[in-house]
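What follows is one structure encoded as structure tokens, with my remarks underneath.
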Amino acid sequence: MSRPDPLVVGRVLSRLADSVKEMELPAVEKIARKRTRTPFHVLISTLLSARTQDATTHAAAERLFDVAGTPQEMAKLPVERIERLIYPVSFYRNKARHVKATSRALVGRFGGLVPTTMEELLALPGVGRKTANLVLIVAHRSLDNICVDTHVHRISNRLGWVETRTPEQTEQALYQVVPRRWWPDVNLYFVTWGQNVCRPIRPRCAACSISGLCPRVGVEAVPPVARIRSPGVPGRPRRAPGGTRR
């Protein structure tokens, strides 16, 4: 596929920057701003957020941090207590083990501090590239990373900027097509837009501020619902088999 025009990419991101201002922040960003972007809070809330609704992530993270707000405090909690505090996030048992193991690693290997390099972050239990990139961007203010989750992966492909099958492939492709100045903002804009407008199913294209710049790759048109008229009675729907109206 041909590389998208950098000017068009910039226009898309500039419009999204304006469009998301009045929308609710994603859970991790909301927690980061409330807790002054403490790297530990960003790291743990991102671990909790995988495959979990934002409202659930936010509530679980707040319950957890009210009990243990530092790596030292978290490392002392029994896994069972962490499980109860973060439930009902998805895979809460696995995540509880990762939270405790990561906290212990931070205390034992990094002096209680969250690492500032991709390599060191990826060595922590349960941390993948998405989590590592988000910690580097949100907590450590990196300008050299793009964080790709399912929203970023989906929207980048719908825009025709990339043609990829996995978030990891999308991350590497976006470094080639997105102007560097926008790298740290891609996740915030696309996640917010993906939660509110460019949804996985039935995206709200008619309400989209970038619809004129989007080829909607892979978006299936939703056919209009046909109304069946009763013979001789204009405007009255006929009962479908089974007695329901359609």
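Following the order of the structure tokens, first chain is A, next is B, and so on, with residues numbered from 1 inside each chain and ligands from 1 in the order they appear.
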Region 58-61 of chain A surroundings by only C-alpha atoms, 8 Å radius, close-in-sequence under 6 positions cut, as a VMD selection string: chain A and resid 27 to 28 31 44 to 45 48 85 to 89
Residues of region 24-82 of chain A in alpha helix (DSSP H), written as an MDAnalysis selection string: chainID A and resid 27:34 39:49 54:67 71:76 79:82
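Nearest to Asn187 (chain A) of all the residues A:Arg216, A:Lys130, A:Lys30, A:His98 is A:Lys130, counting only C-alpha atoms.
What separates CA of Arg81 (chain A) from CA of Arg33 (chain A) is a distance of 26.0 Å.
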For region 5-11 of chain A: contacts at 12 Å, only C-alpha atoms, fewer than 2 positions along chain excluded, given as a PyMOL selection string: chain A and resi 2-3+13-18+156+159-162+174-183+185-186+209-214
d(CA of Leu106 (chain A), CA of Thr70 (chain A)) in Å: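 Computed distance, CA of Leu106 (chain A) to CA of Thr70 (chain A), equals 10.1 Å.
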Separation of CA of Glu24 (chain A) from CA of Asp54 (chain A) in Å: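 Between these atoms lies a distance of 10.3 Å.
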Within 10 Å of Ile137 (chain A) using only C-alpha atoms, minus same-chain residues under 3 positions, as a PyMOL selection string: chain A and resi 131-134+140-147+183-185+187
Contacts of Thr166 (chain A) within 12 Å, only C-alpha atoms, excl. fewer than 2 positions in-chain, as a ChimeraX atom specification: /A:130,148-154,156-157,162-164,168-173
Next, the residues of the selection above should be written as a short mmCIF file (atom, residue, chain, number, x, y, z; two decimals), in the first residue's frame with C-alpha atoms.
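The resulting file, again_16.cif, is shown below:
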```cif
data_model
loop_
_atom_site.label_atom_id
_atom_site.label_comp_id
_atom_site.auth_asym_id
_atom_site.auth_seq_id
_atom_site.Cartn_x
_atom_site.Cartn_y
_atom_site.Cartn_z
CA LYS A 130 1.25 -1.46 25.02
CA VAL A 148 -1.06 0.95 20.18
CA ASP A 149 -4.06 -0.83 21.67
CA THR A 150 -7.11 -2.28 19.93
CA HIS A 151 -8.60 1.18 19.25
CA VAL A 152 -5.42 2.54 17.68
CA HIS A 153 -4.99 -0.66 15.66
CA ARG A 154 -8.58 -0.57 14.38
CA SER A 156 -5.31 3.19 11.83
CA ASN A 157 -6.45 0.40 9.52
CA VAL A 162 -1.57 0.90 7.74
CA GLU A 163 -2.49 -2.56 6.57
CA THR A 164 -1.64 -4.73 9.55
CA GLU A 168 2.62 -4.80 17.28
CA GLN A 169 2.73 -4.53 13.48
CA THR A 170 0.63 -1.38 13.65
CA GLU A 171 3.01 0.28 16.09
CA GLN A 172 5.99 -0.25 13.82
CA ALA A 173 4.05 0.89 10.74
#
```
Residue contacts of Met23 (chain A) (12 Å, only C-alpha atoms) excluding same-chain residues fewer than 6 positions away, as a count of residues only: 12
Which of A:Val99, A:Met1, A:Gln72, A:Arg104 sits closest to Gly126 (chain A) [using only C-alpha atoms]: A:Val99
Top pick for closest residue to Val107 (chain A), considering A:Val219, A:Met74, A:Ala123, A:Ala32 and counting only C-alpha atoms: A:Met74
Using only C-alpha atoms, find each residue in region 93-146 of chain A having at least one atom no more than 9 Å away from region 37-40 of chain A; report its shortest atom-to-atom pair and that distance in Å (one decimal), rows by chain then rising number, as a Markdown table.
```
| residue | atom | partner | partner_atom | distance |
| --- | --- | --- | --- | --- |
| A:Ser103 | CA | A:Phe40 | CA | 8.7 |
| A:Gly112 | CA | A:Phe40 | CA | 8.9 |
| A:Leu113 | CA | A:Phe40 | CA | 7.6 |
| A:Val114 | CA | A:Pro39 | CA | 6.1 |
| A:Pro115 | CA | A:Pro39 | CA | 8.8 |
| A:Val135 | CA | A:Pro39 | CA | 6.6 |
| A:Leu136 | CA | A:Pro39 | CA | 8.6 |
| A:Val138 | CA | A:Arg37 | CA | 6.8 |
| A:Ala139 | CA | A:Pro39 | CA | 4.8 |
| A:His140 | CA | A:Pro39 | CA | 7.0 |
```
Take the residues that were just selected and, keeping N, CA and C atoms, output them as a compact mmCIF listing (two decimals), in the first residue's frame.
```txt
# COMPACT_ATOMS: atom_id res chain seq x y z
N SER A 103 5.29 -5.23 41.61
CA SER A 103 5.63 -4.36 42.74
C SER A 103 6.86 -4.87 43.46
N GLY A 112 12.30 0.77 44.02
CA GLY A 112 10.95 1.28 44.17
C GLY A 112 10.52 2.24 43.07
N LEU A 113 11.37 2.41 42.06
CA LEU A 113 11.05 3.33 40.95
C LEU A 113 10.64 2.55 39.71
N VAL A 114 9.79 3.15 38.89
CA VAL A 114 9.37 2.54 37.63
C VAL A 114 10.43 2.83 36.58
N PRO A 115 10.92 1.80 35.88
CA PRO A 115 11.98 2.01 34.88
C PRO A 115 11.57 3.00 33.79
N VAL A 135 3.23 3.79 29.72
CA VAL A 135 3.97 4.29 30.88
C VAL A 135 5.01 5.31 30.44
N LEU A 136 5.72 5.01 29.36
CA LEU A 136 6.75 5.94 28.90
C LEU A 136 6.14 7.27 28.46
N VAL A 138 2.82 8.57 29.17
CA VAL A 138 1.98 9.27 30.14
C VAL A 138 2.75 9.63 31.40
N ALA A 139 3.56 8.69 31.90
CA ALA A 139 4.25 8.93 33.17
C ALA A 139 5.62 9.58 32.98
N HIS A 140 6.36 9.13 31.97
CA HIS A 140 7.72 9.64 31.79
C HIS A 140 7.81 10.70 30.69
```
